[in-house]
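Listing of coords.cif; format and content: mmCIF, C-alpha atoms and all ligand atoms.
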```cif
data_input
#
loop_
_atom_site.label_atom_id
_atom_site.label_comp_id
_atom_site.auth_asym_id
_atom_site.auth_seq_id
_atom_site.Cartn_x
_atom_site.Cartn_y
_atom_site.Cartn_z
CA MET U 12 0.00 0.00 0.00
CA ASN U 13 1.64 3.26 -1.08
CA PRO U 14 1.12 6.20 1.30
CA SER U 15 -0.94 8.94 -0.33
CA PRO U 16 1.07 11.34 -2.54
CA SER U 17 0.76 13.86 0.29
CA ALA U 18 2.82 11.59 2.62
CA PRO U 19 5.66 13.83 3.89
CA ALA U 20 8.65 13.28 1.62
CA GLU U 21 10.85 12.40 4.56
CA ARG U 22 8.83 9.20 5.20
CA ARG U 23 8.49 8.26 1.53
CA SER U 24 9.67 4.72 0.81
CA LEU U 25 11.61 3.79 -2.31
CA ASN U 26 8.50 2.07 -3.68
CA SER U 27 6.31 5.11 -3.00
CA HIS U 28 8.87 7.44 -4.59
CA LEU U 29 9.19 5.27 -7.71
CA TYR U 30 5.40 5.11 -7.96
CA HIS U 31 4.29 8.66 -7.06
CA VAL U 32 7.30 10.83 -7.93
CA SER U 33 9.27 9.12 -10.68
CA LYS U 34 6.11 7.48 -12.03
CA ALA U 35 8.26 4.57 -13.17
CA PRO U 36 6.59 1.82 -15.23
CA ASP U 37 5.49 -0.97 -12.86
CA ASN U 38 7.99 -3.52 -14.23
CA LEU U 39 10.89 -1.07 -13.81
CA ARG U 40 9.71 -0.16 -10.31
CA HIS U 41 9.55 -3.85 -9.34
CA LEU U 42 12.99 -4.52 -10.84
CA ILE U 43 14.57 -1.65 -8.88
CA LEU U 44 12.86 -2.90 -5.71
CA ASP U 45 14.20 -6.43 -6.36
CA ILE U 46 17.71 -5.00 -6.82
CA SER U 47 17.30 -3.01 -3.59
CA ARG U 48 16.36 -6.27 -1.80
CA ALA U 49 19.57 -7.93 -3.05
CA ALA U 50 21.48 -4.90 -1.72
CA LYS U 51 20.00 -5.45 1.74
CA TYR U 52 21.36 -9.00 1.76
CA ILE U 53 24.77 -7.76 0.57
CA SER U 54 24.78 -5.11 3.30
CA TYR U 55 24.07 -7.84 5.88
CA ALA U 56 26.71 -10.16 4.37
CA ILE U 57 29.37 -7.45 4.61
CA GLN U 58 28.58 -7.08 8.32
CA THR U 59 28.43 -10.81 9.09
CA THR U 60 30.53 -12.97 6.76
CA GLU U 61 34.29 -13.37 6.93
CA ALA U 62 36.33 -11.24 4.55
CA GLY U 63 39.06 -12.76 2.44
CA LEU U 64 40.01 -13.88 -1.01
CA SER U 65 38.08 -16.57 -2.87
CA GLY U 66 41.18 -17.93 -4.57
CA THR U 67 39.74 -17.19 -8.03
CA VAL U 68 40.34 -14.31 -10.47
CA ASN U 69 37.89 -12.45 -12.73
CA MET U 70 38.21 -11.59 -16.44
CA PHE U 71 40.40 -8.64 -15.48
CA GLY U 72 42.84 -10.95 -13.73
CA GLU U 73 41.84 -9.43 -10.39
CA GLN U 74 41.71 -11.55 -7.23
CA GLN U 75 38.03 -12.10 -6.34
CA GLU U 76 36.99 -11.57 -2.74
CA LYS U 77 34.59 -14.10 -1.21
CA LEU U 78 32.14 -11.21 -0.95
CA ASP U 79 32.50 -10.45 -4.69
CA ILE U 80 31.25 -13.96 -5.42
CA LEU U 81 28.51 -13.87 -2.77
CA SER U 82 27.28 -10.43 -3.89
CA ASP U 83 27.18 -11.61 -7.50
CA GLN U 84 25.15 -14.69 -6.49
CA LEU U 85 22.69 -12.66 -4.40
CA ILE U 86 22.07 -10.21 -7.24
CA GLN U 87 21.70 -12.96 -9.82
CA GLU U 88 19.12 -14.76 -7.64
CA HIS U 89 17.04 -11.58 -7.35
CA LEU U 90 17.32 -10.81 -11.08
CA GLN U 91 16.29 -14.38 -11.95
CA GLU U 92 13.34 -14.39 -9.52
CA SER U 93 12.13 -11.01 -10.75
CA ARG U 94 11.30 -12.61 -14.15
CA LEU U 95 11.98 -9.12 -15.56
CA VAL U 96 15.53 -9.59 -16.83
CA ALA U 97 16.41 -10.71 -20.37
CA SER U 98 20.20 -10.60 -19.89
CA PHE U 99 22.88 -9.18 -17.67
CA ALA U 100 26.56 -8.17 -17.79
CA CYS U 101 28.51 -8.41 -14.56
CA GLU U 102 32.09 -7.59 -13.64
CA GLU U 103 32.54 -11.19 -12.41
CA HIS U 104 31.53 -12.81 -15.74
CA ASP U 105 33.35 -12.42 -19.06
CA SER U 106 30.25 -12.41 -21.27
CA VAL U 107 26.64 -11.23 -21.33
CA ILE U 108 24.44 -13.87 -19.65
CA GLU U 109 20.91 -14.51 -20.98
CA LEU U 110 18.08 -15.17 -18.54
CA ASP U 111 14.62 -14.79 -20.15
CA PRO U 112 14.85 -13.38 -23.72
CA LYS U 113 11.24 -12.15 -23.58
CA ALA U 114 11.73 -10.14 -20.37
CA SER U 115 11.53 -6.34 -20.35
CA TYR U 116 14.97 -5.25 -19.16
CA SER U 117 18.71 -6.01 -19.13
CA VAL U 118 20.95 -5.15 -16.20
CA VAL U 119 24.66 -4.29 -15.97
CA PHE U 120 26.24 -4.43 -12.55
CA ASP U 121 29.39 -4.35 -10.47
CA PRO U 122 28.24 -6.49 -7.55
CA LEU U 123 30.84 -5.20 -5.12
CA ASP U 124 32.95 -2.14 -5.93
CA GLY U 125 36.00 -1.44 -3.78
CA SER U 126 35.96 -5.03 -2.57
CA SER U 127 39.71 -5.00 -1.82
CA LEU U 128 38.77 -2.63 1.01
CA VAL U 129 36.46 -5.08 2.83
CA ASP U 130 39.20 -6.09 5.30
CA VAL U 131 39.98 -2.43 5.90
CA ASN U 132 36.34 -1.76 6.83
CA PHE U 133 36.08 1.12 4.35
CA ALA U 134 32.77 1.98 2.67
CA ILE U 135 32.18 -0.11 -0.49
CA GLY U 136 29.32 -0.30 -2.95
CA SER U 137 27.28 -1.94 -5.74
CA ILE U 138 26.59 -0.30 -9.11
CA PHE U 139 23.67 -1.02 -11.49
CA GLY U 140 22.53 0.18 -14.91
CA ILE U 141 19.22 -0.87 -16.49
CA TYR U 142 18.47 -0.98 -20.23
CA ALA U 143 15.16 -1.78 -21.93
CA GLY U 144 15.20 -4.97 -23.98
CA LYS U 145 17.71 -7.78 -24.41
CA GLU U 146 20.68 -6.17 -26.17
CA LEU U 147 23.61 -4.67 -24.30
CA ILE U 148 26.54 -4.65 -26.73
CA GLY U 149 26.26 -1.57 -28.95
CA ARG U 150 24.04 0.32 -26.48
CA LYS U 151 25.09 3.73 -25.06
CA PRO U 152 24.76 4.69 -21.37
CA SER U 153 22.37 7.45 -22.51
CA GLU U 154 19.93 4.63 -23.40
CA GLN U 155 19.74 3.42 -19.79
CA VAL U 156 16.22 3.69 -18.38
CA ALA U 157 17.63 3.77 -14.84
CA ALA U 158 20.88 3.67 -12.92
CA LEU U 159 21.46 3.17 -9.21
CA TYR U 160 24.16 2.50 -6.70
CA VAL U 161 24.24 1.34 -3.08
CA LEU U 162 26.90 2.52 -0.64
CA TYR U 163 27.59 0.14 2.28
CA GLY U 164 29.10 2.42 4.92
CA PRO U 165 28.19 3.19 8.52
CA ARG U 166 24.75 3.67 6.93
CA THR U 167 23.48 1.89 3.80
CA ILE U 168 22.50 4.47 1.18
CA LEU U 169 20.78 3.90 -2.17
CA ILE U 170 20.82 6.50 -4.96
CA TYR U 171 18.70 6.08 -8.10
CA SER U 172 17.52 7.90 -11.17
CA THR U 173 14.97 6.84 -13.80
CA GLY U 174 15.63 10.00 -15.79
CA LYS U 175 13.73 12.39 -13.51
CA GLY U 176 16.46 13.54 -11.15
CA VAL U 177 18.72 11.77 -8.67
CA HIS U 178 17.25 10.70 -5.32
CA GLU U 179 18.83 9.38 -2.11
CA PHE U 180 17.47 6.78 0.33
CA LEU U 181 18.59 5.42 3.70
CA LEU U 182 18.08 1.78 4.76
CA ASN U 183 16.23 2.04 8.07
CA ASP U 184 15.96 -0.38 11.00
CA VAL U 185 12.95 -2.17 9.55
CA GLY U 186 14.66 -2.79 6.22
CA GLU U 187 12.93 -0.04 4.25
CA PHE U 188 14.82 2.41 2.02
CA ILE U 189 13.41 5.77 3.15
CA LEU U 190 13.86 9.03 1.23
CA LEU U 191 16.67 11.23 2.53
CA ARG U 192 17.12 13.81 -0.26
CA GLU U 193 15.47 14.40 -3.66
CA ASN U 194 16.90 15.93 -6.84
CA LEU U 195 20.55 15.94 -5.83
CA GLY U 196 22.52 18.48 -7.90
CA ILE U 197 26.20 18.93 -8.78
CA ALA U 198 27.46 22.53 -8.96
CA ASP U 199 29.59 23.60 -11.95
CA THR U 200 32.75 24.23 -9.90
CA ALA U 201 34.58 21.84 -7.57
CA LYS U 202 36.07 22.34 -4.13
CA ASN U 203 36.98 18.65 -3.63
CA TYR U 204 39.07 16.41 -5.87
CA SER U 205 39.48 12.60 -5.99
CA PRO U 206 42.46 11.73 -8.22
CA GLY U 207 42.66 7.97 -8.94
CA ASN U 208 45.36 6.00 -10.79
CA LEU U 209 48.07 8.50 -9.89
CA ARG U 210 50.64 6.09 -11.39
CA ALA U 211 49.50 7.71 -14.71
CA LEU U 212 51.19 11.00 -13.70
CA GLU U 213 54.46 9.45 -14.86
CA ASP U 214 53.46 9.42 -18.49
CA ASN U 215 50.43 11.68 -18.80
CA PRO U 216 51.55 15.34 -18.58
CA GLY U 217 47.98 16.59 -18.86
CA TYR U 218 47.05 14.65 -15.71
CA LYS U 219 50.12 16.09 -13.94
CA GLN U 220 48.99 19.58 -14.98
CA ALA U 221 45.50 18.96 -13.55
CA LEU U 222 46.91 17.68 -10.24
CA ASP U 223 49.30 20.64 -9.96
CA GLN U 224 46.37 23.00 -10.59
CA TRP U 225 44.28 21.37 -7.83
CA LEU U 226 47.21 21.65 -5.43
CA LYS U 227 47.87 25.27 -6.43
CA GLU U 228 44.20 26.19 -5.97
CA GLN U 229 44.24 24.26 -2.67
CA LEU U 230 41.18 22.10 -3.41
CA THR U 231 40.42 19.56 -0.67
CA LEU U 232 41.54 15.98 -1.39
CA ARG U 233 38.98 13.23 -0.86
CA TYR U 234 40.00 9.72 -2.06
CA SER U 235 39.12 6.37 -0.48
CA GLY U 236 39.91 3.92 -3.29
CA CYS U 237 36.25 2.93 -3.70
CA LEU U 238 34.64 4.47 -6.78
CA VAL U 239 31.13 4.34 -5.27
CA ALA U 240 32.22 6.08 -2.06
CA ASP U 241 34.36 8.65 -3.89
CA VAL U 242 31.68 9.57 -6.43
CA HIS U 243 28.93 9.51 -3.78
CA HIS U 244 31.00 12.20 -2.04
CA ILE U 245 30.36 14.40 -5.12
CA PHE U 246 26.60 13.73 -5.12
CA SER U 247 26.38 14.24 -1.36
CA LYS U 248 28.42 17.46 -1.23
CA GLY U 249 26.93 18.74 -4.49
CA GLN U 250 30.31 19.36 -6.10
CA GLY U 251 33.69 17.73 -6.81
CA ILE U 252 35.78 16.02 -9.45
CA PHE U 253 36.79 12.34 -9.60
CA THR U 254 39.36 11.10 -12.11
CA ASN U 255 40.76 7.72 -13.08
CA ILE U 256 42.83 8.41 -16.19
CA GLY U 257 44.99 6.20 -18.40
CA GLY U 258 48.73 5.72 -18.14
CA SER U 259 51.19 2.92 -18.90
CA LYS U 260 49.70 0.37 -16.45
CA TYR U 261 46.11 1.03 -17.53
CA PRO U 262 46.18 2.78 -20.96
CA ARG U 263 42.38 3.35 -20.83
CA GLY U 264 42.28 3.87 -17.05
CA LYS U 265 41.34 1.06 -14.65
CA LEU U 266 37.57 1.48 -14.57
CA ARG U 267 35.09 -0.48 -16.71
CA HIS U 268 32.75 1.26 -19.13
CA VAL U 269 29.66 -0.91 -18.96
CA PHE U 270 29.14 -1.35 -15.22
CA GLU U 271 31.16 1.44 -13.57
CA CYS U 272 31.52 4.49 -15.86
CA GLY U 273 28.21 4.13 -17.76
CA PRO U 274 25.82 4.06 -14.78
CA PHE U 275 27.71 6.85 -12.99
CA ALA U 276 27.81 8.98 -16.17
CA TYR U 277 24.00 8.68 -16.45
CA LEU U 278 23.55 9.70 -12.80
CA ALA U 279 26.05 12.60 -13.01
CA GLU U 280 24.30 14.06 -16.07
CA GLN U 281 20.93 13.66 -14.32
CA ALA U 282 22.31 15.74 -11.44
CA GLY U 283 23.58 18.52 -13.74
CA GLY U 284 27.17 17.30 -13.69
CA ALA U 285 29.25 15.74 -16.46
CA ALA U 286 31.27 12.58 -17.17
CA SER U 287 33.85 12.35 -19.95
CA ASP U 288 36.53 9.91 -21.12
CA GLY U 289 38.72 12.95 -21.80
CA LYS U 290 37.34 13.50 -25.29
CA LYS U 291 33.66 12.50 -25.35
CA ALA U 292 30.71 12.36 -22.99
CA ILE U 293 30.66 8.82 -21.58
CA ILE U 294 26.89 8.54 -22.02
CA ASP U 295 27.48 8.71 -25.78
CA LEU U 296 30.15 5.97 -25.89
CA PRO U 297 28.74 2.67 -27.22
CA ILE U 298 29.41 -0.49 -25.21
CA GLU U 299 31.75 -2.57 -27.41
CA ALA U 300 32.63 -5.33 -24.92
CA VAL U 301 31.89 -6.19 -21.29
CA ASP U 302 35.59 -5.86 -20.40
CA GLN U 303 35.99 -2.44 -22.08
CA ARG U 304 37.86 0.01 -19.84
CA CYS U 305 37.20 3.75 -19.98
CA PRO U 306 38.99 6.81 -18.57
CA LEU U 307 36.63 8.59 -16.14
CA ILE U 308 36.53 12.32 -15.41
CA ILE U 309 33.27 12.94 -13.54
CA GLY U 310 31.64 15.60 -11.39
CA SER U 311 31.32 19.40 -11.60
CA LYS U 312 30.77 20.29 -15.23
CA LYS U 313 33.24 23.21 -15.54
CA GLU U 314 35.97 21.17 -13.77
CA VAL U 315 35.38 18.19 -16.06
CA GLU U 316 35.73 20.51 -19.06
CA ARG U 317 38.90 22.09 -17.65
CA VAL U 318 40.54 18.70 -17.04
CA CYS U 319 39.61 17.50 -20.55
CA LYS U 320 41.28 20.60 -22.03
CA MET U 321 44.48 19.85 -20.05
CA LEU U 322 44.45 16.24 -21.29
CA GLN U 323 44.34 17.24 -24.99
P1 LIG G 1 36.34 -3.24 -7.94
O1 LIG G 1 36.49 -3.46 -6.47
O2 LIG G 1 34.92 -3.44 -8.42
O3 LIG G 1 37.34 -4.01 -8.76
O4 LIG G 1 36.61 -1.69 -8.23
C1 LIG G 1 37.74 -1.09 -7.70
C2 LIG G 1 38.00 0.16 -8.48
C3 LIG G 1 37.24 1.36 -7.97
O5 LIG G 1 36.38 1.08 -6.91
C4 LIG G 1 38.32 2.32 -7.52
O6 LIG G 1 38.05 3.64 -7.91
C5 LIG G 1 39.55 1.80 -8.21
O7 LIG G 1 39.38 0.39 -8.35
C6 LIG G 1 40.77 2.03 -7.38
O8 LIG G 1 41.86 1.63 -8.16
P2 LIG G 1 43.30 1.66 -7.46
O9 LIG G 1 43.22 0.59 -6.41
O10 LIG G 1 44.24 1.37 -8.59
O11 LIG G 1 43.45 3.04 -6.87
MN MN G 2 34.30 -1.63 -9.32
MN MN G 3 33.69 -5.12 -8.27
#
```
Please rewrite the model in this file as structure tokens.
Amino acid sequence: MNPSPSAPAERRSLNSHLYHVSKAPDNLRHLILDISRAAKYISYAIQTTEAGLSGTVNMFGEQQEKLDILSDQLIQEHLQESRLVASFACEEHDSVIELDPKASYSVVFDPLDGSSLVDVNFAIGSIFGIYAGKELIGRKPSEQVAALYVLYGPRTILIYSTGKGVHEFLLNDVGEFILLRENLGIADTAKNYSPGNLRALEDNPGYKQALDQWLKEQLTLRYSGCLVADVHHIFSKGQGIFTNIGGSKYPRGKLRHVFECGPFAYLAEQAGGAASDGKKAIIDLPIEAVDQRCPLIIGSKKEVERVCKMLQ
């Protein structure tokens, strides 16, 4: 039962907000709710299961944490049971996986982002993008019908957009995601900076110029090593710039286009910010492969533009 539209926004549940405010199609609303339920189980698993490596590696040759595998399984179960998912692409699988070809949506996800930080007890997250239909390869992030992320920190926070603004929810004591803030915005100029992949400074003079500029202008450094936490800092503070740019070790940067850069680019643009690969808006970059990496410069629009100019 959804509270009446007049229910005070501060008590509005995720379901009520999707129904009354975003007016999401029922199937999309149910899919986002199913994903949010998987996130609750992941949040609980992070608190209660032992950390540690699984002994396996993913397609990127990265050691998989036990929680990477568990998070992936929890999300897959919820996607399967939703009966709404035609296919999915996941960081832990090297190809697109088909579920029900007649279903309405396809989902891209990073089940656990920043997972190497589990043992350090830093905030980590899950990232999701939702496309209509079965195809994923060839699609652009601008074609997503929704994007969302969950940040597992001292509090569990969920941020979503279905194309009508970016909205923030808190997981409360009875397991409901309750509205915290609506229509989050990102100002054009940045006071905070989050420079990732600094090893690229060695051979990317434009990146060195950007870093020197941030130091000269005495911007405040905020970097945790978890993309979800570091970019959530931008949404929460309403300004900032996050970069993970290519160098010799990662020529295209370390981050993955389909399930890290694409969903965040959609959300940043929805909040009035920007996300570029240094040359083009990331929302306009077609997905060519699930393992495609992409440089990421995201946050305050004028700062993104300034960094892109330095990188030319
Ligand atoms: P994941 O845990 O899904 O592999 O992602 C980790 C990513 C991202 O969260 C973060 O911004 C980046 O790795 C940090 O890279 P470095 O450890 O090279 O700084
Ligand atoms: Mn990740
Ligand atoms: Mn991951």
Cut-off 6 Å, all atoms listed in the file, neighbours of ligand MN 2 (chain G) as a ChimeraX atom specification
/U:121,124-125
Residue subset to file, keeping C-alpha atoms, as a PDB file, keeping the file's coordinate frame:
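For reference, result-v8.pdb as written:
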```pdb
ATOM      1  CA  ASP U 121      29.390  -4.350 -10.470  1.00  0.00           C
ATOM      2  CA  ASP U 124      32.950  -2.140  -5.930  1.00  0.00           C
ATOM      3  CA  GLY U 125      36.000  -1.440  -3.780  1.00  0.00           C
TER       4      GLY U 125
END
```
Can you list every residue of range 264-304 of chain U that has an atom at most 9 Å from range 186-199 of chain U, with its nearest atom pair and the distance in Å to one decimal, using all atoms listed in the file, ordered by chain then number, as CSV?
```
residue,atom,partner,partner_atom,distance
U:Ala279,CA,U:Ile197,CA,7.6
U:Glu280,CA,U:Ile197,CA,9.0
U:Gln281,CA,U:Gly196,CA,8.2
U:Ala282,CA,U:Gly196,CA,4.5
U:Gly283,CA,U:Ile197,CA,5.6
U:Gly284,CA,U:Ile197,CA,5.3
U:Ala285,CA,U:Ile197,CA,8.9
```
Only C-alpha atoms, please: the residues just picked out, written as an mmCIF file, in the coordinates of the input.
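Output below, filename out_32.cif:
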```cif
data_model
loop_
_atom_site.group_PDB
_atom_site.id
_atom_site.type_symbol
_atom_site.label_atom_id
_atom_site.label_comp_id
_atom_site.auth_asym_id
_atom_site.auth_seq_id
_atom_site.Cartn_x
_atom_site.Cartn_y
_atom_site.Cartn_z
ATOM 1 C CA ALA U 279 26.050 12.600 -13.010
ATOM 2 C CA GLU U 280 24.300 14.060 -16.070
ATOM 3 C CA GLN U 281 20.930 13.660 -14.320
ATOM 4 C CA ALA U 282 22.310 15.740 -11.440
ATOM 5 C CA GLY U 283 23.580 18.520 -13.740
ATOM 6 C CA GLY U 284 27.170 17.300 -13.690
ATOM 7 C CA ALA U 285 29.250 15.740 -16.460
#
```
May I have the residues within 9 Å of ligand MN 3 (chain G), computed using all atoms listed in the file, as a compact mmCIF listing (two decimals) with C-alpha atoms, in the coordinates of the input?
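Result file follows (out-v2.txt):
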```
# COMPACT_ATOMS: atom_id res chain seq x y z
CA GLN U 75 38.03 -12.10 -6.34
CA ASP U 79 32.50 -10.45 -4.69
CA CYS U 101 28.51 -8.41 -14.56
CA GLU U 102 32.09 -7.59 -13.64
CA GLU U 103 32.54 -11.19 -12.41
CA PHE U 120 26.24 -4.43 -12.55
CA ASP U 121 29.39 -4.35 -10.47
CA PRO U 122 28.24 -6.49 -7.55
CA LEU U 123 30.84 -5.20 -5.12
CA ASP U 124 32.95 -2.14 -5.93
CA GLY U 125 36.00 -1.44 -3.78
CA SER U 126 35.96 -5.03 -2.57
CA SER U 127 39.71 -5.00 -1.82
CA GLY U 136 29.32 -0.30 -2.95
CA SER U 137 27.28 -1.94 -5.74
CA ILE U 138 26.59 -0.30 -9.11
CA GLU U 271 31.16 1.44 -13.57
```
Counting all atoms listed in the file, which residues in range 220-261 of chain U sit no more than 10 Å from range 162-166 of chain U? For each one, give the nearest pair of atoms and the distance in Å, sorted by chain then residue number, as a tab-separated table.
```
residue	atom	partner	partner_atom	distance
U:Cys237	CA	U:Leu162	CA	9.8
U:Val239	CA	U:Leu162	CA	6.5
U:Ala240	CA	U:Leu162	CA	6.6
U:His243	CA	U:Leu162	CA	7.9
```
Need to verify the contact set: range 34-40 of chain U, 9 Å, all atoms listed in the file, exclusion of same-chain residues closer than 4 positions in sequence. Can you return it as a list of chain:residue names?
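My list of contacting residues is U:Asn26, U:His28, U:Leu29, U:Tyr30, U:Leu44, U:Asp45, U:Leu95, U:Ser115, U:Tyr116, U:Ile141, U:Val156, U:Ala157, U:Thr173.
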Residue nearest ligand LIG 1 (chain G) among U:Ala292, U:Leu230, U:Leu266, U:Ile298 (counting all atoms listed in the file):
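Going through U:Ala292, U:Leu230, U:Leu266, U:Ile298 one by one, the smallest distance to ligand LIG 1 (chain G) is for U:Leu266.
If you look at CA of Gly63 in chain U and CA of Leu128 in chain U, they are 10.2 Å away from each other.
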